[in-house]
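One structure is given here, and the rest of the page talks about it.
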Amino acid sequence: MEPLQQIIGLLGGIPIFAGLSSHDLEILSQSARRQNFKADEIICQQGDPGHTLFVIVSGLVRIVLPSFEGQEAVLVLLQPGEFFGELSLIDGEPRSASAISMGVTEVIVLYRDDFLSYLMEHPRAAITVMTVLCARLRRTDDLVADAVFLDTRTRLAKKLLELSETFGEPADGGVQIALRLRQQDLANMVGANRESVNRYLSAMENQGLIRMERQRITLLKPLELRRRSF
């Protein structure tokens, strides 16, 4: 299969481009390109010029706000079929956050002029982008509210439940989060230090709420964990 045909095939399987004719997909794919990243590689960085949109083909991407001290706050984890970089494409401003691959990741890169032309010609796609933007804004509002009103233990319990709902798989005795999560990853997600997260994870394991094995976490009593997250 020729590279252009590969991109057409990949874009055709992405929800935001669902329903496009082969002709429209070919036009959109003309200047697109595929790009691969290793684990923990920066895809785009906060403050960079924003001329491109990224569509995830495989792998996972975390969107983060980095600090001057080298720490990061994780805003969201994105899966195949999702996209990022749309804010800079729409307003022309520098990147508002950084995107980092989690494991080997492949993306399709679309350029600003092509994508904006596509949105103008396909209003339904523009509505999809607006819906995604609203969902991410609401998620950011939730993160701010959690940071203000919830303690670290409660934020951690809530985050484990969220991850199990998105990435959970049936496992022996419970639901396993199908991601390799370092304690620092979880700390970045809940706005805490690694030592606090380690302490609360150990307490949850001792209480029989979770099981930890090789950077994998299994929720053994999700209903009890949910009661503790509110």
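Going by the structure tokens order, chains are called A, B, ..., each with residues numbered from 1, while ligands are numbered from 1 in the order shown.
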
Could you please write out, as an MDAnalysis selection string, every residue of region 2-214 of chain A that DSSP assigns to strand (DSSP E)? chainID A and resid 33:37 42:44 52:66 72:78 83:84 98:111 168:171 174:177 210:213

Select from region 1-229 of chain A everything DSSP, run on the backbone, classes as helix (DSSP H, G or I), then give the selection as a PyMOL selection string. chain A and resi 3-12+15-17+22-29+86-91+112-121+123-149+152-167+183-190+194-206+222-228

Which residues, written as a JSON list (two decimals) with C-alpha atoms, in the first residue's frame, have at least one atom at most 7 Å from region 171-187 of chain A, with only C-alpha atoms counted and residues fewer than 4 positions away on the same chain left out?
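The result, stored in out-v3.json:
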```json
[["chain", "number", "residue", "atom", "x", "y", "z"],
["A", 163, "LEU", "CA", -8.60, 5.12, 35.05],
["A", 164, "SER", "CA", -10.41, 1.83, 35.65],
["A", 167, "PHE", "CA", -8.62, 1.51, 30.75],
["A", 191, "GLY", "CA", -1.17, 16.97, 41.99],
["A", 192, "ALA", "CA", 0.72, 15.35, 44.85],
["A", 193, "ASN", "CA", 4.24, 14.18, 45.64],
["A", 194, "ARG", "CA", 5.34, 10.60, 45.02],
["A", 197, "VAL", "CA", 0.94, 8.61, 46.71],
["A", 198, "ASN", "CA", 3.15, 5.70, 47.77],
["A", 215, "GLN", "CA", 3.33, -1.14, 37.93],
["A", 216, "ARG", "CA", -0.16, -2.57, 37.37],
["A", 217, "ILE", "CA", -3.01, -1.76, 39.74],
["A", 218, "THR", "CA", -6.11, -3.91, 40.20],
["A", 219, "LEU", "CA", -9.17, -2.50, 41.94],
["A", 220, "LEU", "CA", -10.50, -5.24, 44.21]]
```

Compile the contact shell of Leu150 (chain A) as an NGL selection string: residues with an atom at most 12 Å away, counting only C-alpha atoms, same-chain residues fewer than 3 positions apart removed. :A and (142-147 or 153-159 or 190-192 or 228-230)

With distances taken over only C-alpha atoms, which residue among A:Val104, A:Leu133, A:Leu60, A:Leu20 lies nearest Phe37 (chain A)?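 The closest residue to Phe37 (chain A) is A:Val104.
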
May I have the residues within 10 Å of region 89-103 of chain A as a ChimeraX atom specification, using only C-alpha atoms and disregarding those fewer than 4 positions away in the same chain? /A:36-54,58-66,72-78,84-85,110-113,115-116,179-180

Resulting file, chosen residues, N, CA and C atoms, as a CSV table (one decimal), in the first residue's frame:
```csv
chain,number,residue,atom,x,y,z
A,36,ASN,N,6.2,8.6,14.2
A,36,ASN,CA,6.3,7.7,15.3
A,36,ASN,C,7.2,8.2,16.4
A,37,PHE,N,6.8,7.9,17.6
A,37,PHE,CA,7.5,8.3,18.8
A,37,PHE,C,7.8,7.2,19.8
A,38,LYS,N,8.9,7.2,20.4
A,38,LYS,CA,9.3,6.2,21.4
A,38,LYS,C,8.6,6.6,22.7
A,39,ALA,N,8.7,5.7,23.7
A,39,ALA,CA,8.1,6.0,25.0
A,39,ALA,C,8.7,7.2,25.7
A,40,ASP,N,7.9,8.0,26.3
A,40,ASP,CA,8.2,9.2,27.0
A,40,ASP,C,9.0,10.3,26.1
A,41,GLU,N,8.6,10.3,24.9
A,41,GLU,CA,9.1,11.3,23.9
A,41,GLU,C,8.2,12.5,23.8
A,42,ILE,N,8.7,13.7,23.8
A,42,ILE,CA,7.9,14.9,23.6
A,42,ILE,C,7.4,15.0,22.2
A,43,ILE,N,6.1,15.1,22.0
A,43,ILE,CA,5.5,15.2,20.7
A,43,ILE,C,5.4,16.7,20.3
A,44,CYS,N,4.9,17.5,21.3
A,44,CYS,CA,5.0,18.9,21.1
A,44,CYS,C,5.1,19.5,22.5
A,45,GLN,N,5.6,20.7,22.6
A,45,GLN,CA,5.9,21.3,23.9
A,45,GLN,C,5.2,22.6,24.1
A,46,GLN,N,4.8,22.9,25.4
A,46,GLN,CA,4.1,24.1,25.7
A,46,GLN,C,5.0,25.3,25.3
A,47,GLY,N,4.3,26.3,24.6
A,47,GLY,CA,5.0,27.4,24.1
A,47,GLY,C,5.4,27.3,22.7
A,48,ASP,N,5.5,26.1,22.1
A,48,ASP,CA,5.9,25.9,20.7
A,48,ASP,C,4.8,26.6,19.8
A,49,PRO,N,5.2,27.0,18.6
A,49,PRO,CA,4.2,27.4,17.6
A,49,PRO,C,3.2,26.3,17.3
A,50,GLY,N,2.0,26.6,17.1
A,50,GLY,CA,1.0,25.5,16.9
A,50,GLY,C,0.4,25.5,15.5
A,51,HIS,N,1.2,24.9,14.6
A,51,HIS,CA,0.7,24.8,13.2
A,51,HIS,C,0.1,23.5,12.8
A,52,THR,N,0.1,22.5,13.7
A,52,THR,CA,-0.3,21.2,13.3
A,52,THR,C,-1.3,20.6,14.3
A,53,LEU,N,-2.1,19.7,13.8
A,53,LEU,CA,-3.0,18.9,14.6
A,53,LEU,C,-2.5,17.4,14.6
A,54,PHE,N,-2.6,16.8,15.7
A,54,PHE,CA,-2.1,15.4,15.8
A,54,PHE,C,-3.3,14.4,16.1
A,58,SER,N,-2.0,4.9,17.2
A,58,SER,CA,-1.8,3.8,18.1
A,58,SER,C,-1.0,4.4,19.3
A,59,GLY,N,-1.1,3.7,20.4
A,59,GLY,CA,-0.3,4.2,21.6
A,59,GLY,C,-1.2,5.1,22.5
A,60,LEU,N,-0.6,5.7,23.4
A,60,LEU,CA,-1.2,6.7,24.3
A,60,LEU,C,-0.4,7.9,24.4
A,61,VAL,N,-1.1,9.0,24.7
A,61,VAL,CA,-0.4,10.3,24.8
A,61,VAL,C,-1.0,11.0,26.1
A,62,ARG,N,-0.1,11.5,26.9
A,62,ARG,CA,-0.5,12.3,28.1
A,62,ARG,C,-0.3,13.8,27.8
A,63,ILE,N,-1.3,14.6,28.1
A,63,ILE,CA,-1.2,16.0,27.9
A,63,ILE,C,-0.9,16.6,29.3
A,64,VAL,N,0.2,17.4,29.3
A,64,VAL,CA,0.7,17.9,30.6
A,64,VAL,C,1.0,19.3,30.6
A,65,LEU,N,0.9,19.9,31.8
A,65,LEU,CA,1.4,21.3,32.1
A,65,LEU,C,2.7,21.1,32.8
A,66,PRO,N,3.9,21.5,32.2
A,66,PRO,CA,5.2,21.3,32.9
A,66,PRO,C,5.4,22.5,33.8
A,72,GLU,N,5.4,17.9,36.4
A,72,GLU,CA,4.3,18.1,35.4
A,72,GLU,C,2.9,17.7,36.0
A,73,ALA,N,1.9,18.4,35.6
A,73,ALA,CA,0.5,18.1,36.0
A,73,ALA,C,-0.1,17.4,34.8
A,74,VAL,N,-0.6,16.2,34.9
A,74,VAL,CA,-1.3,15.5,33.8
A,74,VAL,C,-2.7,15.9,33.7
A,75,LEU,N,-3.1,16.5,32.6
A,75,LEU,CA,-4.5,17.0,32.4
A,75,LEU,C,-5.4,15.8,31.9
A,76,VAL,N,-4.8,15.0,31.0
A,76,VAL,CA,-5.6,14.0,30.4
A,76,VAL,C,-4.8,13.0,29.7
A,77,LEU,N,-5.2,11.7,29.6
A,77,LEU,CA,-4.6,10.7,28.8
A,77,LEU,C,-5.5,10.4,27.5
A,78,LEU,N,-4.8,10.4,26.4
A,78,LEU,CA,-5.6,10.3,25.1
A,78,LEU,C,-5.2,8.9,24.5
A,84,PHE,N,-5.2,16.0,19.4
A,84,PHE,CA,-4.8,17.1,20.3
A,84,PHE,C,-4.1,18.1,19.4
A,85,GLY,N,-3.9,19.3,20.0
A,85,GLY,CA,-3.3,20.4,19.3
A,85,GLY,C,-4.3,21.3,18.6
A,110,LEU,N,-1.6,16.7,10.8
A,110,LEU,CA,-2.4,17.5,9.8
A,110,LEU,C,-2.0,19.0,10.0
A,111,TYR,N,-1.9,19.7,8.9
A,111,TYR,CA,-1.5,21.1,9.0
A,111,TYR,C,-2.7,22.1,9.0
A,112,ARG,N,-2.4,23.2,9.6
A,112,ARG,CA,-3.5,24.2,10.0
A,112,ARG,C,-4.4,24.6,8.9
A,113,ASP,N,-3.8,25.0,7.7
A,113,ASP,CA,-4.7,25.5,6.6
A,113,ASP,C,-5.6,24.4,6.1
A,115,PHE,N,-6.6,21.7,7.8
A,115,PHE,CA,-7.6,21.3,8.8
A,115,PHE,C,-8.7,22.3,8.9
A,116,LEU,N,-8.4,23.6,8.9
A,116,LEU,CA,-9.4,24.7,9.0
A,116,LEU,C,-10.3,24.7,7.7
A,179,LEU,N,-2.7,-0.2,32.2
A,179,LEU,CA,-1.6,0.7,32.0
A,179,LEU,C,-0.5,0.5,33.0
A,180,ARG,N,0.7,0.6,32.6
A,180,ARG,CA,1.8,0.6,33.5
A,180,ARG,C,2.0,2.0,34.1
```

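Atom to atom, CA of Ile56 (chain A) and CA of Gly81 (chain A) stand 5.5 Å apart.
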